[in-house]
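What's in final_14.pdb: PDB, C-alpha atoms and all ligand atoms
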```
ATOM      1  CA  MET A   1     141.315  93.078 100.246
ATOM      2  CA  GLU A   2     141.013  94.499 103.763
ATOM      3  CA  LYS A   3     137.634  93.661 105.214
ATOM      4  CA  THR A   4     135.530  96.277 106.982
ATOM      5  CA  LYS A   5     134.814  95.364 110.581
ATOM      6  CA  VAL A   6     131.159  95.651 111.369
ATOM      7  CA  ILE A   7     128.745  94.913 114.199
ATOM      8  CA  ILE A   8     125.172  94.045 113.252
ATOM      9  CA  ASP A   9     122.682  95.291 115.845
ATOM     10  CA  CYS A  10     119.366  93.594 115.150
ATOM     11  CA  ASP A  11     116.090  92.004 116.271
ATOM     12  CA  PRO A  12     115.731  88.800 114.203
ATOM     13  CA  GLY A  13     113.161  88.802 112.704
ATOM     14  CA  ILE A  14     112.690  87.419 109.197
ATOM     15  CA  ASP A  15     114.261  90.252 107.219
ATOM     16  CA  ASP A  16     117.009  90.715 109.831
ATOM     17  CA  SER A  17     117.907  87.074 109.201
ATOM     18  CA  LEU A  18     118.139  87.642 105.455
ATOM     19  CA  ALA A  19     120.334  90.671 106.167
ATOM     20  CA  ILE A  20     122.671  88.630 108.393
ATOM     21  CA  MET A  21     122.898  86.002 105.643
ATOM     22  CA  LEU A  22     123.838  88.654 103.065
ATOM     23  CA  ALA A  23     126.478  90.145 105.374
ATOM     24  CA  LEU A  24     128.044  86.748 106.069
ATOM     25  CA  LYS A  25     128.231  86.042 102.344
ATOM     26  CA  SER A  26     129.970  89.352 101.592
ATOM     27  CA  LYS A  27     133.747  89.155 101.419
ATOM     28  CA  GLU A  28     134.067  92.906 102.013
ATOM     29  CA  LEU A  29     132.739  92.502 105.564
ATOM     30  CA  ASP A  30     134.144  91.047 108.753
ATOM     31  CA  VAL A  31     131.119  90.606 111.028
ATOM     32  CA  ILE A  32     132.837  90.783 114.415
ATOM     33  CA  GLY A  33     129.655  90.422 116.437
ATOM     34  CA  ILE A  34     125.889  90.415 116.374
ATOM     35  CA  THR A  35     124.136  92.359 119.125
ATOM     36  CA  ILE A  36     120.490  91.658 119.812
ATOM     37  CA  VAL A  37     117.868  94.164 120.876
ATOM     38  CA  CYS A  38     114.187  93.674 121.653
ATOM     39  CA  GLY A  39     112.084  94.594 118.668
ATOM     40  CA  ASN A  40     110.374  92.209 116.294
ATOM     41  CA  SER A  41     110.988  89.496 118.867
ATOM     42  CA  PRO A  42     111.776  89.606 122.578
ATOM     43  CA  VAL A  43     115.523  89.733 123.067
ATOM     44  CA  GLU A  44     116.013  86.094 124.187
ATOM     45  CA  MET A  45     114.073  84.898 121.136
ATOM     46  CA  GLY A  46     116.149  87.162 118.882
ATOM     47  CA  PHE A  47     119.281  85.588 120.383
ATOM     48  CA  GLU A  48     117.979  82.080 119.625
ATOM     49  CA  ASN A  49     117.059  83.124 116.089
ATOM     50  CA  ALA A  50     120.461  84.655 115.384
ATOM     51  CA  LYS A  51     122.080  81.357 116.422
ATOM     52  CA  LYS A  52     119.723  79.424 114.128
ATOM     53  CA  ILE A  53     120.766  81.597 111.190
ATOM     54  CA  LEU A  54     124.461  81.281 112.050
ATOM     55  CA  LYS A  55     124.064  77.504 112.217
ATOM     56  CA  GLN A  56     122.335  77.474 108.832
ATOM     57  CA  MET A  57     125.224  79.491 107.404
ATOM     58  CA  ASN A  58     127.814  77.345 109.155
ATOM     59  CA  ARG A  59     129.126  80.442 110.990
ATOM     60  CA  LEU A  60     128.647  79.699 114.659
ATOM     61  CA  ASP A  61     132.075  81.296 115.145
ATOM     62  CA  VAL A  62     130.430  84.745 115.067
ATOM     63  CA  PRO A  63     129.651  85.891 118.635
ATOM     64  CA  VAL A  64     126.120  86.973 119.535
ATOM     65  CA  PHE A  65     125.327  89.218 122.524
ATOM     66  CA  ILE A  66     121.998  89.750 124.241
ATOM     67  CA  GLY A  67     121.066  93.398 124.585
ATOM     68  CA  GLU A  68     118.288  95.507 126.011
ATOM     69  CA  ASP A  69     115.001  93.774 126.763
ATOM     70  CA  ARG A  70     112.838  96.903 126.772
ATOM     71  CA  PRO A  71     112.777 100.388 125.248
ATOM     72  CA  LEU A  72     114.285 103.310 127.202
ATOM     73  CA  CYS A  73     110.990 104.748 128.493
ATOM     74  CA  ARG A  74     107.953 103.260 126.775
ATOM     75  CA  ALA A  75     106.282  99.881 127.142
ATOM     76  CA  TYR A  76     107.686  97.274 124.754
ATOM     77  CA  VAL A  77     105.520  96.228 121.773
ATOM     78  CA  ASN A  78     106.909  93.312 119.737
ATOM     79  CA  ALA A  79     106.131  92.559 116.073
ATOM     80  CA  LEU A  80     105.419  88.835 116.334
ATOM     81  CA  ASP A  81     102.177  89.465 114.449
ATOM     82  CA  THR A  82     104.422  90.208 111.439
ATOM     83  CA  HIS A  83     107.231  87.719 112.082
ATOM     84  CA  GLY A  84     105.343  84.731 113.531
ATOM     85  CA  GLU A  85     105.232  83.321 117.035
ATOM     86  CA  ASP A  86     108.879  82.148 116.878
ATOM     87  CA  GLY A  87     110.007  85.436 115.267
ATOM     88  CA  LEU A  88     111.240  83.471 112.249
ATOM     89  CA  GLY A  89     108.063  83.038 110.255
ATOM     90  CA  GLU A  90     106.897  80.003 112.286
ATOM     91  CA  SER A  91     109.629  77.928 110.694
ATOM     92  CA  PHE A  92     110.250  76.389 114.133
ATOM     93  CA  LEU A  93     113.874  75.588 113.343
ATOM     94  CA  PRO A  94     115.606  73.464 116.003
ATOM     95  CA  LYS A  95     117.146  75.319 118.950
ATOM     96  CA  VAL A  96     120.931  75.657 118.830
ATOM     97  CA  ASP A  97     122.402  74.572 122.168
ATOM     98  CA  GLY A  98     125.825  74.999 123.724
ATOM     99  CA  TYR A  99     126.499  78.558 122.695
ATOM    100  CA  GLU A 100     126.227  81.153 125.412
ATOM    101  CA  GLN A 101     127.110  84.818 125.423
ATOM    102  CA  GLU A 102     129.870  86.064 127.704
ATOM    103  CA  MET A 103     128.841  89.683 128.122
ATOM    104  CA  SER A 104     125.940  91.998 127.374
ATOM    105  CA  ALA A 105     125.503  93.671 123.997
ATOM    106  CA  VAL A 106     126.126  97.131 125.445
ATOM    107  CA  ASP A 107     129.342  95.960 127.154
ATOM    108  CA  PHE A 108     130.498  94.355 123.910
ATOM    109  CA  LEU A 109     129.791  97.558 121.961
ATOM    110  CA  THR A 110     131.569  99.643 124.619
ATOM    111  CA  LEU A 111     134.684  97.481 124.878
ATOM    112  CA  THR A 112     135.027  97.066 121.122
ATOM    113  CA  LEU A 113     134.513 100.720 120.282
ATOM    114  CA  LYS A 114     136.881 101.856 123.029
ATOM    115  CA  ARG A 115     139.668  99.918 121.343
ATOM    116  CA  LYS A 116     139.061 100.706 117.684
ATOM    117  CA  LYS A 117     136.803 102.338 115.132
ATOM    118  CA  VAL A 118     134.162  99.887 113.966
ATOM    119  CA  SER A 119     131.035 100.349 111.840
ATOM    120  CA  VAL A 120     127.525  99.470 112.947
ATOM    121  CA  ILE A 121     124.553  98.373 110.874
ATOM    122  CA  ALA A 122     121.436  98.882 113.017
ATOM    123  CA  LEU A 123     118.457  96.812 111.874
ATOM    124  CA  GLY A 124     116.181  97.146 114.895
ATOM    125  CA  PRO A 125     115.118  99.717 117.490
ATOM    126  CA  MET A 126     118.201 101.668 118.603
ATOM    127  CA  THR A 127     117.943 100.920 122.336
ATOM    128  CA  ASN A 128     121.380  99.267 122.545
ATOM    129  CA  LEU A 129     122.975 102.277 120.859
ATOM    130  CA  ALA A 130     121.148 104.705 123.153
ATOM    131  CA  ARG A 131     122.382 102.768 126.196
ATOM    132  CA  LEU A 132     125.901 102.919 124.726
ATOM    133  CA  ILE A 133     125.592 106.719 124.524
ATOM    134  CA  GLN A 134     124.476 106.869 128.156
ATOM    135  CA  LYS A 135     127.279 104.565 129.256
ATOM    136  CA  ASP A 136     130.221 105.797 127.209
ATOM    137  CA  LEU A 137     129.816 108.673 124.772
ATOM    138  CA  ASP A 138     133.423 108.411 123.530
ATOM    139  CA  ALA A 139     132.861 104.801 122.527
ATOM    140  CA  PHE A 140     129.695 105.765 120.621
ATOM    141  CA  CYS A 141     131.607 108.563 118.864
ATOM    142  CA  ASN A 142     134.129 105.979 117.710
ATOM    143  CA  ILE A 143     131.542 104.373 115.412
ATOM    144  CA  ASP A 144     133.009 104.561 111.947
ATOM    145  CA  LYS A 145     129.969 104.349 109.690
ATOM    146  CA  LEU A 146     126.437 104.011 111.079
ATOM    147  CA  VAL A 147     123.685 102.716 108.808
ATOM    148  CA  SER A 148     120.193 102.387 110.243
ATOM    149  CA  MET A 149     117.156 100.702 108.759
ATOM    150  CA  GLY A 150     114.472 102.917 110.172
ATOM    151  CA  GLY A 151     112.306 105.969 109.757
ATOM    152  CA  THR A 152     110.637 107.315 106.687
ATOM    153  CA  PHE A 153     110.634 110.603 104.782
ATOM    154  CA  LYS A 154     107.785 110.802 102.230
ATOM    155  CA  SER A 155     106.469 107.263 102.361
ATOM    156  CA  HIS A 156     103.754 106.509 104.913
ATOM    157  CA  GLY A 157     104.593 104.663 108.120
ATOM    158  CA  ASN A 158     104.041 101.007 108.936
ATOM    159  CA  CYS A 159     102.973 101.485 112.575
ATOM    160  CA  SER A 160     101.050 104.727 112.261
ATOM    161  CA  PRO A 161     100.421 107.082 109.355
ATOM    162  CA  VAL A 162     103.862 108.602 109.924
ATOM    163  CA  ALA A 163     106.027 106.177 111.913
ATOM    164  CA  GLU A 164     108.191 103.218 110.958
ATOM    165  CA  TYR A 165     108.439 100.305 113.431
ATOM    166  CA  ASN A 166     112.096 100.528 114.562
ATOM    167  CA  TYR A 167     111.839 104.197 115.516
ATOM    168  CA  TRP A 168     108.265 103.868 116.776
ATOM    169  CA  CYS A 169     109.156 100.940 119.066
ATOM    170  CA  ASP A 170     111.764 103.000 120.909
ATOM    171  CA  PRO A 171     111.359 106.644 119.862
ATOM    172  CA  ASP A 172     113.354 107.914 122.847
ATOM    173  CA  ALA A 173     116.359 105.820 121.837
ATOM    174  CA  ALA A 174     116.164 106.917 118.206
ATOM    175  CA  ALA A 175     115.771 110.564 119.310
ATOM    176  CA  LEU A 176     118.824 110.303 121.573
ATOM    177  CA  VAL A 177     120.921 108.748 118.796
ATOM    178  CA  TYR A 178     120.021 111.465 116.257
ATOM    179  CA  LYS A 179     120.511 114.242 118.837
ATOM    180  CA  THR A 180     123.905 112.869 119.874
ATOM    181  CA  LEU A 181     125.007 112.568 116.261
ATOM    182  CA  HIS A 182     124.108 116.204 115.727
ATOM    183  CA  GLU A 183     125.941 117.367 118.849
ATOM    184  CA  ASN A 184     129.061 115.505 117.779
ATOM    185  CA  SER A 185     128.997 116.393 114.059
ATOM    186  CA  MET A 186     128.397 112.787 113.066
ATOM    187  CA  ARG A 187     126.101 111.268 110.412
ATOM    188  CA  ILE A 188     123.748 108.348 110.222
ATOM    189  CA  HIS A 189     122.634 106.812 106.931
ATOM    190  CA  MET A 190     118.860 106.508 107.159
ATOM    191  CA  ILE A 191     117.568 103.613 105.078
ATOM    192  CA  GLY A 192     113.874 104.225 105.629
ATOM    193  CA  LEU A 193     110.634 102.986 104.146
ATOM    194  CA  ASP A 194     111.016 105.306 101.124
ATOM    195  CA  VAL A 195     113.609 102.880  99.801
ATOM    196  CA  THR A 196     112.908  99.580 101.566
ATOM    197  CA  ARG A 197     109.264  99.500 100.397
ATOM    198  CA  LYS A 198     110.644  99.036  96.889
ATOM    199  CA  ILE A 199     112.429  95.831  97.889
ATOM    200  CA  VAL A 200     109.704  93.240  97.424
ATOM    201  CA  LEU A 201     110.575  89.556  97.400
ATOM    202  CA  THR A 202     107.939  88.186  95.026
ATOM    203  CA  PRO A 203     106.876  84.550  94.488
ATOM    204  CA  THR A 204     108.588  84.703  91.080
ATOM    205  CA  ILE A 205     111.927  85.798  92.541
ATOM    206  CA  LEU A 206     111.591  83.127  95.216
ATOM    207  CA  GLU A 207     110.882  80.487  92.589
ATOM    208  CA  TYR A 208     113.928  81.676  90.632
ATOM    209  CA  ILE A 209     116.048  81.298  93.783
ATOM    210  CA  CYS A 210     114.693  77.745  94.223
ATOM    211  CA  ARG A 211     115.590  76.845  90.624
ATOM    212  CA  LEU A 212     119.134  78.150  91.026
ATOM    213  CA  ASN A 213     119.784  76.739  94.493
ATOM    214  CA  PRO A 214     117.041  74.461  95.889
ATOM    215  CA  LYS A 215     118.583  74.220  99.362
ATOM    216  CA  MET A 216     118.844  77.969  99.880
ATOM    217  CA  GLY A 217     115.464  78.433  98.174
ATOM    218  CA  ASP A 218     113.766  76.015 100.558
ATOM    219  CA  PHE A 219     115.241  77.751 103.550
ATOM    220  CA  ILE A 220     114.174  81.221 102.415
ATOM    221  CA  LYS A 221     110.723  79.852 101.571
ATOM    222  CA  LYS A 222     110.420  78.355 105.033
ATOM    223  CA  ILE A 223     111.216  81.586 106.869
ATOM    224  CA  THR A 224     109.253  83.941 104.553
ATOM    225  CA  LYS A 225     105.956  82.044 104.076
ATOM    226  CA  PHE A 226     104.359  83.713 107.132
ATOM    227  CA  TYR A 227     105.666  87.105 105.952
ATOM    228  CA  PHE A 228     104.064  86.585 102.519
ATOM    229  CA  ASP A 229     100.714  85.823 104.181
ATOM    230  CA  PHE A 230     101.015  88.847 106.442
ATOM    231  CA  HIS A 231     101.681  91.188 103.515
ATOM    232  CA  TRP A 232      98.724  89.842 101.582
ATOM    233  CA  GLN A 233      96.412  90.220 104.557
ATOM    234  CA  TRP A 234      97.473  93.712 105.627
ATOM    235  CA  GLU A 235      98.929  95.428 102.578
ATOM    236  CA  HIS A 236      97.391  93.454  99.722
ATOM    237  CA  ILE A 237     100.832  92.794  98.259
ATOM    238  CA  ILE A 238     101.788  89.483  96.643
ATOM    239  CA  GLY A 239     105.264  89.140  98.081
ATOM    240  CA  CYS A 240     107.006  90.576 101.115
ATOM    241  CA  VAL A 241     108.987  93.734 101.769
ATOM    242  CA  ILE A 242     112.459  92.755 102.968
ATOM    243  CA  ASN A 243     113.696  95.933 104.595
ATOM    244  CA  ASP A 244     116.860  94.998 106.433
ATOM    245  CA  PRO A 245     119.039  93.426 103.686
ATOM    246  CA  LEU A 246     118.940  96.760 101.854
ATOM    247  CA  ALA A 247     120.822  98.381 104.751
ATOM    248  CA  VAL A 248     123.573  95.762 104.380
ATOM    249  CA  ALA A 249     123.682  96.098 100.587
ATOM    250  CA  TYR A 250     123.903  99.888 100.904
ATOM    251  CA  PHE A 251     126.640  99.580 103.528
ATOM    252  CA  ILE A 252     128.679  97.547 101.045
ATOM    253  CA  ASP A 253     127.924  99.682  98.007
ATOM    254  CA  GLN A 254     126.517 103.148  98.682
ATOM    255  CA  SER A 255     125.758 103.727  95.003
ATOM    256  CA  ILE A 256     122.759 101.347  95.296
ATOM    257  CA  CYS A 257     120.763 104.162  96.968
ATOM    258  CA  SER A 258     120.789 107.911  96.633
ATOM    259  CA  GLY A 259     119.346 110.729  98.712
ATOM    260  CA  PHE A 260     120.364 113.934 100.443
ATOM    261  CA  ASP A 261     121.894 115.203 103.679
ATOM    262  CA  SER A 262     119.575 116.733 106.231
ATOM    263  CA  PHE A 263     118.974 117.457 109.871
ATOM    264  CA  VAL A 264     116.600 114.837 111.279
ATOM    265  CA  GLU A 265     114.798 114.662 114.612
ATOM    266  CA  ILE A 266     112.636 111.891 116.042
ATOM    267  CA  GLU A 267     109.281 112.683 117.658
ATOM    268  CA  THR A 268     108.848 111.196 121.145
ATOM    269  CA  GLN A 269     105.301 112.333 121.973
ATOM    270  CA  GLY A 270     101.751 112.487 120.701
ATOM    271  CA  ILE A 271     100.117 111.339 117.503
ATOM    272  CA  SER A 272     103.367 111.525 115.519
ATOM    273  CA  LEU A 273     105.237 109.296 117.985
ATOM    274  CA  GLY A 274     108.327 107.807 116.339
ATOM    275  CA  GLN A 275     108.148 109.966 113.223
ATOM    276  CA  SER A 276     111.468 110.854 111.620
ATOM    277  CA  VAL A 277     111.051 114.576 110.960
ATOM    278  CA  VAL A 278     113.359 115.355 108.044
ATOM    279  CA  ASP A 279     114.172 119.062 107.632
ATOM    280  CA  SER A 280     114.606 118.790 103.875
ATOM    281  CA  MET A 281     113.866 122.508 103.385
ATOM    282  CA  ASN A 282     116.411 123.533 106.034
ATOM    283  CA  PHE A 283     113.900 125.463 108.174
ATOM    284  CA  TYR A 284     115.959 124.931 111.320
ATOM    285  CA  ARG A 285     119.335 125.903 109.779
ATOM    286  CA  LYS A 286     120.974 123.017 111.598
ATOM    287  CA  GLU A 287     123.951 120.984 110.418
ATOM    288  CA  PRO A 288     122.834 117.682 108.846
ATOM    289  CA  ASN A 289     123.092 114.651 111.105
ATOM    290  CA  ALA A 290     121.790 112.219 108.474
ATOM    291  CA  THR A 291     121.979 111.098 104.898
ATOM    292  CA  VAL A 292     118.377 110.301 104.023
ATOM    293  CA  LEU A 293     118.092 107.727 101.244
ATOM    294  CA  THR A 294     115.138 108.181  98.912
ATOM    295  CA  GLU A 295     115.974 106.272  95.708
ATOM    296  CA  VAL A 296     117.109 102.702  95.218
ATOM    297  CA  ASP A 297     118.294 100.683  92.253
ATOM    298  CA  THR A 298     116.150  97.604  92.864
ATOM    299  CA  PHE A 299     117.850  95.562  90.160
ATOM    300  CA  ARG A 300     121.312  96.141  91.602
ATOM    301  CA  PHE A 301     120.061  95.259  95.059
ATOM    302  CA  PHE A 302     118.608  91.925  93.940
ATOM    303  CA  GLN A 303     121.639  91.235  91.790
ATOM    304  CA  MET A 304     123.871  91.583  94.848
ATOM    305  CA  PHE A 305     121.486  89.740  97.181
ATOM    306  CA  LEU A 306     120.898  86.747  94.923
ATOM    307  CA  SER A 307     124.389  86.346  93.542
ATOM    308  CA  ARG A 308     125.894  86.330  97.031
ATOM    309  CA  LEU A 309     123.338  84.098  98.683
ATOM    310  CA  LEU A 310     123.459  81.645  95.798
ATOM    311  CA  ASP A 311     127.228  81.807  95.149
ATOM    312  CA  LEU A 312     126.783  82.854  91.531
ATOM    313  CA  GLU A 313     128.491  85.442  89.343
ATOM    314  CA  PRO A 314     126.117  88.448  89.068
ATOM    315  CA  GLU A 315     126.103  88.019  85.239
ATOM    316  CA  LYS A 316     124.691  84.510  85.647
ATOM    317  CA  LEU A 317     121.362  85.952  86.855
ATOM    318  CA  ASP A 318     120.192  86.118  83.253
ATOM    319  CA  ILE A 319     116.437  86.596  83.695
ATOM    320  CA  LEU A 320     116.519  88.734  86.860
ATOM    321  CA  LYS A 321     115.839  91.993  84.977
ATOM    322  CA  ASP A 322     112.736  90.481  83.383
ATOM    323  CA  ILE A 323     111.171  89.205  86.594
ATOM    324  CA  LEU A 324     111.479  92.324  88.774
TER
HETATM  325  C1  LIG B   1     111.640  97.193 110.312
HETATM  326  O1  LIG B   1     110.834  96.657 111.358
HETATM  327  C2  LIG B   1     110.924  95.264 111.385
HETATM  328  O2  LIG B   1     109.676  94.655 111.251
HETATM  329  C3  LIG B   1     111.846  94.833 110.280
HETATM  330  O3  LIG B   1     112.732  93.831 110.758
HETATM  331  C4  LIG B   1     112.591  96.102 109.893
HETATM  332  O4  LIG B   1     113.800  96.249 110.598
HETATM  333  C5  LIG B   1     110.728  97.698 109.211
HETATM  334  O5  LIG B   1     109.880  98.676 109.694
HETATM  335 CA    CA B   2     114.731  94.469 111.956
END
```
Rewrite the structure from the file as structure tokens, please.
Ligand code: BDR
Ligand code: CA
Amino acid sequence: MEKTKVIIDCDPGIDDSLAIMLALKSKELDVIGITIVCGNSPVEMGFENAKKILKQMNRLDVPVFIGEDRPLCRAYVNALDTHGEDGLGESFLPKVDGYEQEMSAVDFLTLTLKRKKVSVIALGPMTNLARLIQKDLDAFCNIDKLVSMGGTFKSHGNCSPVAEYNYWCDPDAAALVYKTLHENSMRIHMIGLDVTRKIVLTPTILEYICRLNPKMGDFIKKITKFYFDFHWQWEHIIGCVINDPLAVAYFIDQSICSGFDSFVEIETQGISLGQSVVDSMNFYRKEPNATVLTEVDTFRFFQMFLSRLLDLEPEKLDILKDIL
């Protein structure tokens, strides 16, 4: 089977880490690089965290590149309150030494996309992609498939009543990406909170993971404990919403989510800062620049996620349906 070449642009981050793990365990994908952007964690911390995850997965062969350390225009606001002071749920995993990057994330994206069509899964604020547009529009237009975890359509925001963190953190970057897609007749797949909110890792699922594979279970427990506490405190949920792995699962198998095509714009000012304004009623009569995902098959997501992380045949997850 020919593998799809993909770059993961991310801000690890607890759920980014789970997404990287899923991607590395998926034989359909060839992860040719991981580019880091400031978001959940400052960019240097995100770089350290990506290396920790690669070490855990025995995949330090995958190159990691440090990207933008601040949003295009606005002051940077991290999400360490959600992801812990080390950005990885206060797991305080040992630092991985002797692995340095050779070029910046934006240079890596530019050089790679100049040579060939490659897909991008964006799991953080889209500052690196916006800088790519400013540096080399042709390279940006060479992106094969672009999936972004970000935005929201009908579900409420997680940073304001209407805004999701990745787009809120750098609204100018997200706005530039959507505008450029529209001008160049391209599409983004928007995996927003409408679908990711339905992906809740519960204590029961975590316990099931531990029973099936204690080593992997312990690791996931270690990096998600802080996230569980955060969700209880702020959202009164027992469990944690793991947004980013859904973008990877959808990239691999688009039938896991469904939605509709629409023109989308990102607000860069005022009380709706960072809102993804989805023209679902076609008021503006503009060509769609996005596929907005609104429904997700939660069972099929967890079936893919667990079977791949635990190296099991999907059919072996006998009680999964009963515990969701
Ligand atoms: C997004 O923001 C971050 O906290 C998560 O990693 C995810 O990418 C959810 O709003
Ligand atoms: Ca993220």
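You will find CA of Gly84 in chain A at 6.6 Å from CA of Phe226 in chain A.
Atom to atom, CA of Leu54 in chain A and CA of Leu24 in chain A stand 8.9 Å apart.
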- Task: May I have the residues within 6 Å of ligand CA 2 (chain B), computed using only C-alpha atoms and all ligand atoms, as a ChimeraX atom specification?
- Result: /A:10-11,13,16,123-124,244
- Message: What's the separation between CA of Cys38 in chain A and CA of Glu68 in chain A, in Å to one decimal place?
- Response: 6.3 Å
- Test item: the PyMOL selection byres (((chain A and resi 190-199) around 7) and not hetatm) resolved as a list in words: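 Written out, the selection comes to Val147, Ser148, Met149, Gly150, Gly151, Thr152, Phe153, Lys154, Ser155, Ile188, His189, Val200, Leu201, Val241, Ile242, Asn243, Leu246, Ala247, Ala290, Thr291, Val292, Leu293, Thr294, Glu295, Val296 and Thr298 of chain A.
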- Query: Leaving out Lys114 in chain A and any residue of its chain fewer than 5 positions from it, which residues lie within 10 Å of it when counting only C-alpha atoms, given as a VMD selection string?
  - Reply: chain A and resid 108 to 109 136 to 143
Can you spit out the residues from that selection as a PDB file, keeping the file's coordinate frame, using C-alpha atoms?
```
ATOM      1  CA  PHE A 108     130.498  94.355 123.910  1.00  0.00           C
ATOM      2  CA  LEU A 109     129.791  97.558 121.961  1.00  0.00           C
ATOM      3  CA  ASP A 136     130.221 105.797 127.209  1.00  0.00           C
ATOM      4  CA  LEU A 137     129.816 108.673 124.772  1.00  0.00           C
ATOM      5  CA  ASP A 138     133.423 108.411 123.530  1.00  0.00           C
ATOM      6  CA  ALA A 139     132.861 104.801 122.527  1.00  0.00           C
ATOM      7  CA  PHE A 140     129.695 105.765 120.621  1.00  0.00           C
ATOM      8  CA  CYS A 141     131.607 108.563 118.864  1.00  0.00           C
ATOM      9  CA  ASN A 142     134.129 105.979 117.710  1.00  0.00           C
ATOM     10  CA  ILE A 143     131.542 104.373 115.412  1.00  0.00           C
TER      11      ILE A 143
END
```
- Task: Counting only C-alpha atoms, figure out which residue out of A:Arg74, A:Lys316, A:His83, A:Arg131 gets nearest to Val37 in chain A.
- Result: A:Arg131
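Among A:Thr224, A:Phe251, A:Asp318, A:Leu80, the residue with the shortest atom-to-atom distance to ligand LIG 1 (chain B), counting all atoms listed in the file, is A:Leu80.
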- Query: Restricting the calculation to all atoms listed in the file, which member of A:Gln101, A:Asn166, A:Asn184, A:Gln134 is positioned closest to ligand LIG 1 (chain B)?
  - Reply: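 Using all atoms listed in the file, the shortest distance to ligand LIG 1 (chain B) belongs to A:Asn166.
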Taking all atoms of ligand LIG 1 (chain B) that appear in the file, build a box with edges along x, y and z, extend it by 8 Å on every side, and state its centre and edge lengths in Å to one decimal, as JSON.
```
{"center_x": 111.7, "center_y": 96.3, "center_z": 110.3, "size_x": 20.1, "size_y": 20.8, "size_z": 18.2}
```
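Among the candidates A:Asn78, A:Gln233, A:Gln269, A:Thr35, the residue lying nearest to Asp9 in chain A is A:Thr35 (atoms considered: only C-alpha atoms).
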- Query: If we count all atoms listed in the file, what is near Ala174 in chain A at a cut-off of 12 Å, once residues fewer than 6 positions away on the same chain are taken out, given as a PyMOL selection string?
  - Reply: chain A and resi 71-73+122+124-131+133+148-151+163-168+180-181+188+190+264-268+273-277
- Query: Taking the file as shown, what set of residues would the PyMOL selection byres (((chain A and resi 304) around 12) and not hetatm) give back, as number ranges by chain?
  - Reply: A: 19, 22-23, 25-26, 245-246, 248-250, 252-253, 256, 297-303, 305-317, 320
